[in-house]
$ cat data-v7.cif   # mmCIF, C-alpha atoms
data_my_file
loop_
_atom_site.label_atom_id
_atom_site.label_comp_id
_atom_site.auth_asym_id
_atom_site.auth_seq_id
_atom_site.Cartn_x
_atom_site.Cartn_y
_atom_site.Cartn_z
CA MET A 1 -83.29 -140.04 14.57
CA ARG A 2 -81.46 -143.34 14.40
CA ALA A 3 -83.95 -144.78 11.91
CA PHE A 4 -83.75 -141.61 9.81
CA VAL A 5 -79.95 -141.77 9.67
CA SER A 6 -80.09 -145.49 8.82
CA PHE A 7 -82.55 -144.96 6.01
CA SER A 8 -80.64 -142.04 4.53
CA ILE A 9 -77.43 -144.08 4.50
CA LEU A 10 -79.31 -146.97 2.89
CA ALA A 11 -80.89 -144.71 0.27
CA LEU A 12 -77.51 -143.19 -0.55
CA ILE A 13 -75.91 -146.58 -1.03
CA ALA A 14 -78.88 -147.90 -3.02
CA VAL A 15 -78.72 -144.94 -5.40
CA GLY A 16 -74.97 -145.32 -5.80
CA LEU A 17 -75.22 -149.05 -6.50
CA THR A 18 -78.07 -148.55 -8.96
CA LEU A 19 -76.19 -145.84 -10.84
CA SER A 20 -73.01 -147.89 -11.10
CA LEU A 21 -74.75 -151.18 -11.92
CA SER A 22 -76.79 -149.56 -14.68
CA HIS A 23 -73.53 -149.25 -16.63
CA ILE A 24 -72.83 -152.98 -16.27
CA PRO A 25 -75.36 -154.86 -18.41
CA PHE A 26 -76.05 -158.30 -17.00
CA GLY A 27 -74.59 -161.29 -18.81
CA THR A 28 -72.29 -159.52 -21.25
CA ASP A 29 -68.73 -160.45 -22.02
CA ARG A 30 -66.40 -157.99 -20.32
CA MET A 31 -63.43 -160.29 -19.91
CA GLN A 32 -59.96 -158.99 -20.61
CA VAL A 33 -57.27 -160.72 -18.62
CA ALA A 34 -59.66 -163.60 -17.96
CA ASN A 35 -59.55 -164.53 -21.65
CA TYR A 36 -55.90 -165.33 -21.22
CA TYR A 37 -56.65 -167.47 -18.16
CA LEU A 38 -59.40 -169.36 -19.99
CA ASN A 39 -57.36 -170.06 -23.10
CA HIS A 40 -53.96 -170.72 -21.56
CA GLY A 41 -54.89 -171.88 -18.06
CA VAL A 42 -54.67 -175.61 -18.74
CA ALA A 43 -51.40 -175.34 -20.66
CA ASP A 44 -49.86 -173.04 -18.05
CA THR A 45 -50.93 -174.78 -14.87
CA GLY A 46 -52.33 -178.21 -15.74
CA ALA A 47 -55.42 -177.51 -13.62
CA LEU A 48 -58.70 -178.24 -15.40
CA ASN A 49 -60.68 -176.22 -12.89
CA LEU A 50 -59.75 -172.75 -14.10
CA VAL A 51 -60.82 -171.12 -10.85
CA THR A 52 -58.21 -173.30 -9.16
CA ALA A 53 -55.72 -172.23 -11.81
CA VAL A 54 -56.34 -168.60 -10.85
CA VAL A 55 -56.42 -169.21 -7.09
CA LEU A 56 -53.39 -171.49 -6.80
CA ASP A 57 -51.18 -170.58 -9.71
CA TYR A 58 -51.67 -167.12 -11.15
CA ARG A 59 -52.71 -165.58 -7.82
CA ALA A 60 -51.28 -168.09 -5.35
CA LEU A 61 -49.65 -165.37 -3.28
CA ASP A 62 -53.10 -163.92 -2.57
CA THR A 63 -54.20 -167.34 -1.37
CA LEU A 64 -51.32 -167.33 1.10
CA GLY A 65 -52.62 -163.98 2.33
CA GLU A 66 -56.13 -165.39 2.60
CA MET A 67 -54.86 -168.29 4.69
CA THR A 68 -53.10 -165.78 6.90
CA VAL A 69 -56.36 -163.88 7.43
CA LEU A 70 -58.17 -167.09 8.38
CA PHE A 71 -55.30 -168.02 10.68
CA ILE A 72 -55.50 -164.64 12.41
CA ALA A 73 -59.27 -165.02 12.80
CA SER A 74 -58.92 -168.44 14.42
CA LEU A 75 -56.10 -167.10 16.57
CA GLY A 76 -58.38 -164.27 17.66
CA VAL A 77 -61.16 -166.70 18.56
CA GLY A 78 -58.64 -168.73 20.57
CA ILE A 79 -57.45 -165.63 22.40
CA PHE A 80 -60.98 -164.48 23.24
CA PHE A 81 -61.83 -167.86 24.72
CA SER A 82 -58.61 -168.18 26.64
CA TRP A 83 -59.28 -165.13 28.80
CA PRO A 84 -60.17 -166.18 32.30
CA LYS A 85 -63.88 -165.92 32.94
CA LYS A 86 -65.07 -163.54 35.59
CA GLU A 87 -65.99 -165.07 38.92
CA GLY A 88 -69.56 -166.18 39.12
CA SER A 89 -70.18 -165.93 35.39
CA GLU A 90 -72.35 -168.68 34.02
CA GLU A 91 -70.22 -171.75 33.44
CA ASP A 92 -72.97 -172.57 30.94
CA GLY A 93 -75.30 -175.28 32.03
CA LYS A 94 -74.07 -177.89 29.63
CA ARG A 95 -72.63 -179.97 32.48
CA GLY A 96 -76.09 -181.23 33.26
CA LEU A 97 -77.03 -181.68 29.62
CA PRO A 98 -78.51 -185.13 29.04
CA PRO A 99 -76.89 -187.20 26.29
CA ALA A 100 -78.58 -187.18 22.90
CA SER A 101 -80.62 -190.17 21.83
CA LEU A 102 -78.91 -193.36 20.72
CA ILE A 103 -79.77 -192.73 17.07
CA VAL A 104 -78.19 -189.27 17.07
CA ARG A 105 -75.05 -190.50 18.83
CA ARG A 106 -74.49 -193.60 16.72
CA GLY A 107 -75.55 -191.81 13.55
CA SER A 108 -73.05 -189.01 14.04
CA GLN A 109 -70.30 -191.49 14.89
CA PHE A 110 -71.13 -193.50 11.77
CA LEU A 111 -71.12 -190.42 9.53
CA PHE A 112 -67.95 -188.93 11.01
CA PRO A 113 -65.35 -190.97 9.01
CA LEU A 114 -67.45 -190.74 5.84
CA ILE A 115 -67.58 -186.95 6.05
CA LEU A 116 -63.83 -186.84 6.67
CA LEU A 117 -63.31 -189.00 3.59
CA PHE A 118 -65.55 -186.77 1.51
CA GLY A 119 -63.65 -183.68 2.67
CA GLY A 120 -60.37 -185.32 1.68
CA TYR A 121 -61.83 -186.21 -1.70
CA ILE A 122 -62.92 -182.61 -2.26
CA PHE A 123 -59.55 -181.06 -1.52
CA LEU A 124 -57.52 -183.68 -3.41
CA HIS A 125 -59.62 -183.19 -6.55
CA GLY A 126 -59.59 -179.40 -6.41
CA HIS A 127 -57.74 -179.14 -9.73
CA LEU A 128 -60.18 -181.42 -11.59
CA THR A 129 -63.64 -180.82 -10.15
CA PRO A 130 -65.47 -177.92 -8.50
CA GLY A 131 -63.75 -178.32 -5.18
CA GLY A 132 -60.66 -177.24 -3.37
CA GLY A 133 -58.87 -176.82 -0.12
CA PHE A 134 -61.22 -174.32 1.47
CA GLN A 135 -64.35 -176.28 0.65
CA GLY A 136 -62.76 -179.57 1.68
CA GLY A 137 -61.48 -178.05 4.90
CA ALA A 138 -64.95 -176.71 5.69
CA VAL A 139 -66.43 -180.19 5.13
CA ILE A 140 -63.82 -181.74 7.45
CA ALA A 141 -64.61 -179.15 10.12
CA SER A 142 -68.32 -179.92 9.70
CA ALA A 143 -67.56 -183.55 10.64
CA PHE A 144 -66.05 -182.37 13.93
CA LEU A 145 -68.95 -179.97 14.43
CA LEU A 146 -71.36 -182.90 13.98
CA MET A 147 -69.48 -184.83 16.67
CA PHE A 148 -69.71 -181.85 19.02
CA LEU A 149 -73.44 -181.47 18.41
CA GLY A 150 -74.32 -185.16 18.53
CA ASN A 151 -72.20 -186.27 21.47
CA THR A 152 -72.34 -184.40 24.74
CA GLY A 153 -68.91 -184.10 26.23
CA TYR A 154 -67.12 -184.88 22.98
CA HIS A 155 -63.56 -183.81 23.46
CA LEU A 156 -61.11 -182.56 20.86
CA ARG A 157 -57.55 -181.95 21.94
CA GLN A 158 -56.06 -178.70 20.71
CA LYS A 159 -52.48 -179.86 20.35
CA PRO A 160 -52.89 -182.21 17.34
CA LEU A 161 -54.99 -179.52 15.66
CA ALA A 162 -52.29 -176.91 16.19
CA VAL A 163 -49.58 -179.29 14.92
CA THR A 164 -51.58 -180.14 11.77
CA GLU A 165 -52.29 -176.49 11.11
CA SER A 166 -48.67 -175.42 11.55
CA LEU A 167 -47.28 -178.26 9.41
CA ALA A 168 -49.76 -177.51 6.62
CA GLY A 169 -48.93 -173.80 6.67
CA ILE A 170 -45.20 -174.53 6.68
CA THR A 171 -45.65 -176.94 3.74
CA PHE A 172 -47.36 -174.23 1.71
CA VAL A 173 -44.57 -171.72 2.34
CA ILE A 174 -41.79 -174.28 1.75
CA ILE A 175 -43.29 -175.26 -1.61
CA GLY A 176 -43.41 -171.58 -2.47
CA LEU A 177 -39.77 -171.16 -1.47
CA ILE A 178 -38.72 -174.21 -3.50
CA GLY A 179 -40.44 -172.60 -6.48
CA LEU A 180 -38.48 -169.44 -5.76
CA GLY A 181 -35.23 -171.39 -5.66
CA VAL A 182 -35.93 -173.50 -8.74
CA SER A 183 -37.24 -170.91 -11.12
CA GLY A 184 -36.89 -167.51 -9.61
CA TYR A 185 -40.38 -166.66 -8.43
CA PHE A 186 -42.38 -167.50 -5.35
CA LEU A 187 -44.95 -170.32 -5.55
CA ASN A 188 -43.94 -171.25 -9.07
CA ASN A 189 -45.46 -174.51 -10.30
CA PHE A 190 -42.14 -176.37 -10.64
CA LEU A 191 -43.34 -179.99 -10.77
CA PRO A 192 -44.23 -181.67 -14.11
CA LYS A 193 -47.82 -180.98 -15.15
CA GLY A 194 -48.68 -184.63 -15.85
CA SER A 195 -51.50 -185.69 -18.12
CA GLU A 196 -54.90 -184.02 -17.95
CA PHE A 197 -57.89 -185.61 -16.20
CA THR A 198 -55.71 -187.59 -13.78
CA LEU A 199 -55.32 -187.10 -10.05
CA PHE A 200 -51.55 -186.68 -10.19
CA SER A 201 -51.41 -183.74 -12.53
CA ALA A 202 -51.11 -179.97 -12.34
CA GLY A 203 -47.76 -180.04 -10.54
CA VAL A 204 -47.81 -178.57 -7.05
CA ILE A 205 -51.50 -177.64 -7.06
CA PRO A 206 -52.81 -180.87 -5.42
CA ILE A 207 -50.09 -180.63 -2.75
CA LEU A 208 -50.92 -177.00 -2.05
CA TYR A 209 -54.63 -177.78 -1.91
CA ALA A 210 -54.03 -180.70 0.46
CA ALA A 211 -52.06 -178.33 2.70
CA ILE A 212 -54.83 -175.73 2.53
CA GLY A 213 -57.51 -178.36 3.19
CA LEU A 214 -55.75 -179.67 6.29
CA LYS A 215 -55.01 -176.16 7.53
CA VAL A 216 -58.54 -174.86 7.04
CA GLY A 217 -60.03 -178.05 8.49
CA ALA A 218 -57.83 -177.81 11.57
CA GLU A 219 -58.51 -174.09 12.01
CA LEU A 220 -62.28 -174.35 11.72
CA SER A 221 -62.36 -177.44 13.95
CA GLY A 222 -60.28 -175.46 16.42
CA ILE A 223 -62.81 -172.62 16.33
CA ALA A 224 -65.64 -175.12 16.95
CA ALA A 225 -63.65 -176.73 19.78
CA ASN A 226 -63.01 -173.31 21.31
CA MET A 227 -66.70 -172.53 21.27
CA PHE A 228 -67.85 -175.90 22.65
CA GLN A 229 -65.20 -176.66 25.21
CA SER A 230 -64.63 -174.47 28.18
CA ARG A 231 -61.10 -173.60 29.18
CA SER A 232 -60.69 -176.30 31.80
CA GLU A 233 -61.50 -179.07 29.34
CA ARG A 234 -58.86 -178.18 26.79
CA MET B 1 -82.78 -165.19 -21.76
CA THR B 2 -83.37 -161.48 -21.45
CA ILE B 3 -86.39 -161.69 -19.16
CA GLY B 4 -85.63 -160.76 -15.59
CA ASN B 5 -81.95 -160.24 -16.22
CA PRO B 6 -81.51 -157.35 -13.80
CA MET B 7 -83.27 -159.47 -11.20
CA MET B 8 -79.89 -160.93 -10.27
CA TYR B 9 -78.65 -157.46 -9.47
CA VAL B 10 -81.88 -156.57 -7.68
CA GLY B 11 -81.66 -159.68 -5.51
CA ALA B 12 -78.01 -159.14 -4.63
CA VAL B 13 -78.47 -155.43 -3.89
CA GLY B 14 -81.60 -156.30 -1.92
CA LEU B 15 -79.60 -158.68 0.26
CA ILE B 16 -76.95 -156.02 0.76
CA MET B 17 -79.63 -153.51 1.77
CA ILE B 18 -81.32 -155.93 4.18
CA GLY B 19 -77.97 -156.75 5.76
CA LEU B 20 -76.98 -153.11 6.05
CA PHE B 21 -80.36 -152.18 7.53
CA THR B 22 -80.00 -154.98 10.08
CA VAL B 23 -76.52 -153.80 11.05
CA LEU B 24 -77.64 -150.18 11.38
CA SER B 25 -80.97 -150.58 13.12
CA LYS B 26 -80.91 -153.74 15.27
CA ARG B 27 -79.69 -153.54 18.83
CA ASN B 28 -78.97 -157.19 19.55
CA LEU B 29 -75.37 -158.12 18.81
CA ILE B 30 -76.32 -161.53 17.40
CA LYS B 31 -78.79 -159.88 15.01
CA ILE B 32 -76.08 -157.43 13.94
CA ILE B 33 -73.79 -160.38 13.15
CA ILE B 34 -76.59 -162.02 11.15
CA GLY B 35 -76.88 -158.73 9.25
CA LEU B 36 -73.14 -158.83 8.54
CA THR B 37 -73.39 -162.31 7.06
CA LEU B 38 -76.35 -161.23 4.91
CA LEU B 39 -74.32 -158.27 3.67
CA ASP B 40 -71.45 -160.62 2.93
CA THR B 41 -73.67 -163.00 0.96
CA GLY B 42 -75.17 -160.12 -1.01
CA VAL B 43 -71.76 -158.82 -2.03
CA ASN B 44 -70.63 -162.30 -3.09
CA LEU B 45 -73.80 -162.79 -5.12
CA LEU B 46 -73.33 -159.41 -6.80
CA LEU B 47 -69.75 -160.24 -7.80
CA ILE B 48 -70.78 -163.61 -9.24
CA ALA B 49 -73.69 -161.98 -11.11
CA ILE B 50 -71.37 -159.40 -12.63
CA GLY B 51 -69.06 -162.18 -13.82
CA TYR B 52 -71.86 -164.12 -15.49
CA ILE B 53 -72.06 -164.23 -19.29
CA HIS B 54 -75.11 -165.48 -21.17
CA ASN B 55 -75.10 -169.04 -22.49
CA ARG B 56 -71.79 -169.95 -20.95
CA THR B 57 -70.84 -172.62 -18.44
CA ALA B 58 -68.69 -172.83 -15.34
CA PRO B 59 -64.96 -172.38 -15.99
CA ILE B 60 -64.09 -176.05 -15.50
CA ILE B 61 -62.93 -178.29 -18.31
CA THR B 62 -64.91 -181.46 -17.75
CA HIS B 63 -64.23 -183.30 -21.01
CA ALA B 64 -61.68 -183.18 -23.80
CA HIS B 65 -63.88 -181.15 -26.16
CA ALA B 66 -64.80 -178.39 -23.73
CA ASP B 67 -64.50 -174.97 -25.32
CA PRO B 68 -62.77 -172.34 -23.16
CA SER B 69 -64.46 -169.56 -25.12
CA LYS B 70 -67.83 -170.82 -23.81
CA MET B 71 -67.02 -170.23 -20.15
CA VAL B 72 -67.80 -167.44 -17.75
CA ASP B 73 -65.25 -165.16 -16.12
CA PRO B 74 -63.21 -167.17 -13.55
CA ILE B 75 -61.81 -164.13 -11.75
CA PRO B 76 -64.95 -163.08 -9.79
CA GLN B 77 -65.39 -166.70 -8.77
CA ALA B 78 -61.83 -166.89 -7.46
CA LEU B 79 -62.40 -163.59 -5.66
CA VAL B 80 -65.64 -164.82 -4.10
CA LEU B 81 -63.93 -168.05 -3.01
CA THR B 82 -61.59 -165.82 -1.03
CA ALA B 83 -64.37 -163.58 0.23
CA ILE B 84 -66.43 -166.50 1.58
CA VAL B 85 -63.50 -167.74 3.64
CA ILE B 86 -62.72 -164.28 4.97
CA GLY B 87 -66.41 -163.78 5.76
CA LEU B 88 -66.44 -167.01 7.73
CA GLY B 89 -63.41 -165.90 9.71
CA VAL B 90 -64.98 -162.50 10.43
CA THR B 91 -68.23 -164.13 11.55
CA ALA B 92 -66.44 -166.54 13.89
CA LEU B 93 -64.41 -163.70 15.39
CA ALA B 94 -67.51 -161.53 15.80
CA LEU B 95 -69.42 -164.35 17.50
CA ALA B 96 -66.50 -164.97 19.86
CA LEU B 97 -66.49 -161.26 20.70
CA ALA B 98 -70.25 -161.33 21.27
CA ILE B 99 -69.87 -164.27 23.66
CA ARG B 100 -67.19 -162.40 25.61
CA VAL B 101 -69.31 -159.24 25.66
CA TYR B 102 -72.22 -161.24 27.03
CA GLY B 103 -69.98 -162.75 29.68
CA HIS B 104 -68.84 -159.27 30.73
CA TYR B 105 -72.03 -157.19 30.53
CA LYS B 106 -74.67 -159.96 30.89
CA THR B 107 -76.54 -158.51 27.91
CA LEU B 108 -76.30 -158.41 24.14
CA ASP B 109 -78.30 -155.18 23.87
CA THR B 110 -76.06 -152.44 22.50
CA ARG B 111 -78.09 -149.80 24.37
CA LYS B 112 -77.21 -151.34 27.70
CA ILE B 113 -73.55 -151.86 26.92
CA ARG B 114 -71.76 -148.82 28.22
CA GLU B 115 -68.98 -147.31 26.07
CA LEU B 116 -70.78 -148.52 22.93
CA LYS B 117 -73.22 -145.91 21.65
CA TRP B 118 -73.84 -143.93 18.53
#
$ encode --input "data-v7.cif" --output "structure tokens"
Amino acid sequence: MRAFVSFSILALIAVGLTLSLSHIPFGTDRMQVANYYLNHGVADTGALNLVTAVVLDYRALDTLGEMTVLFIASLGVGIFFSWPKKEGSEEDGKRGLPPASLIVRRGSQFLFPLILLFGGYIFLHGHLTPGGGFQGGAVIASAFLLMFLGNTGYHLRQKPLAVTESLAGITFVIIGLIGLGVSGYFLNNFLPKGSEFTLFSAGVIPILYAAIGLKVGAELSGIAANMFQSRSER
Amino acid sequence: MTIGNPMMYVGAVGLIMIGLFTVLSKRNLIKIIIGLTLLDTGVNLLLIAIGYIHNRTAPIITHAHADPSKMVDPIPQALVLTAIVIGLGVTALALALAIRVYGHYKTLDTRKIRELKW
């Protein structure tokens, strides 16, 4: 019965997708508003990466909403792990876990600052290269994840993470409010655009992406810390 | 360039179908979450494939003579950038829930978890 219901739902969705996709020929030009973004994006925003121009200038408010969703998700993870465990539930056997080999430990400690640096590079160059705050933040969190995996008993305090995350989020909103005050609409790019192909260009976009990078990095590291550290260690 | 063009759609829809089948038919919570991430990836791939235009490059101006009329649609890419992040958040939340469910019921099998049947 269950399999039959599953397969009928699948067949229904497959037919629907096939019917609708058959009207969308692959690889054809269907751009309407995107033509404006492509042709005026650099002049309007100063960002050479036009995806960044869309994400952080034309649709920056949506990015604020996206950050809110990620924040709520990490908050939810924190709440789930802060419930007291039931008595007698497995306090997972990682206490007795032997340390990883010397190569793994030293290797992860050697790579840790380099990965952090690379993450910072990615989010600071989000307006010039295929990068950005979310990618850079994910790379930064992967550095912390590597430390958790390579070093038994690695400890990450939650307070600095929370402070970083809050400051970054507040920075984003304050920049938006300054834009509102200066020119009348929220998250307006009020700083000078600068010259193309340089790091300090595109107005507020590098600042916003740095804020997003730090916020996402802190949130994802916080999720990793929540999953690795039990409540007593925090 | 015309050979195998719909294959992009077929692959993306295939991923969506595999993910959906996993969600509907598997009984282990971790496998259901894996199905969700497959579904997520399939949808992202489908959006990117719809935004693709033949013989055009990524919407990034890499040198002074780059031609904006030779670039693909940036909007699906911006949308997928958002969707990947949201998908990550959903996965993390679902895994946290699964860990709590395991701590409470001592099983990840949806058949053995009371108050969770269809």
$ interface_residues --input "data-v7.cif" --of "chain B" --to "chain A" --cutoff "9 Å" --atoms "all atoms listed in the file" --output "number ranges by chain"
B: 5-6, 8-10, 13-14, 17, 20-21, 24-25, 49-55, 59-64, 67-69, 71-75, 77-79, 81-83, 85-86, 88-90, 92-97, 99-100, 103-104, 106, 118
$ resolve_selection --input "data-v7.cif" --expression "the PyMOL selection byres ((chain B and resi 15) around 8)" --output "VMD selection string"
chain B and resid 11 to 14 16 to 19 38 to 39 41 to 42
$ atom_distance --input "data-v7.cif" --atom1 "CA of Leu116 (chain A)" --atom2 "CA of Ile140 (chain A)"
5.2 Å
$ atom_distance --input "data-v7.cif" --atom1 "CA of Gly120 (chain A)" --atom2 "CA of Ile178 (chain A)"
24.9 Å
$ residues_around --input "data-v7.cif" --residues "region 198-204 of chain A" --least-positions-apart "5" --cutoff "6 Å" --atoms "only C-alpha atoms" --output "list in words"
Thr45, Gly46, Ala47, Asn189, Leu191, Pro192 and Lys193 of chain A
$ write_last_selection --input "data-v7.cif" --atoms "C-alpha atoms" --output "tab-separated table (two decimals), keeping the file's coordinate frame"
chain	number	residue	atom	x	y	z
A	45	THR	CA	-50.93	-174.78	-14.87
A	46	GLY	CA	-52.33	-178.21	-15.74
A	47	ALA	CA	-55.42	-177.51	-13.62
A	189	ASN	CA	-45.46	-174.51	-10.30
A	191	LEU	CA	-43.34	-179.99	-10.77
A	192	PRO	CA	-44.23	-181.67	-14.11
A	193	LYS	CA	-47.82	-180.98	-15.15
$ atom_distance --input "data-v7.cif" --atom1 "CA of Pro98 (chain A)" --atom2 "CA of Phe148 (chain A)"
13.7 Å
$ closest_residue --input "data-v7.cif" --among "A:Gly176, A:Gly184, A:Pro99, A:Gly222" --to "Gln158 (chain A)" --atoms "all atoms listed in the file"
A:Gly222
$ resolve_selection --input "data-v7.cif" --expression "the PyMOL selection byres ((chain A and resi 123) around 8)" --output "VMD selection string"
chain A and resid 119 to 122 124 to 126 131 to 137 206 209 to 210 213
$ closest_residue --input "data-v7.cif" --among "A:Leu117, A:Ser101, A:Gly217, A:Val15" --to "Thr152 (chain A)" --atoms "only C-alpha atoms"
A:Ser101
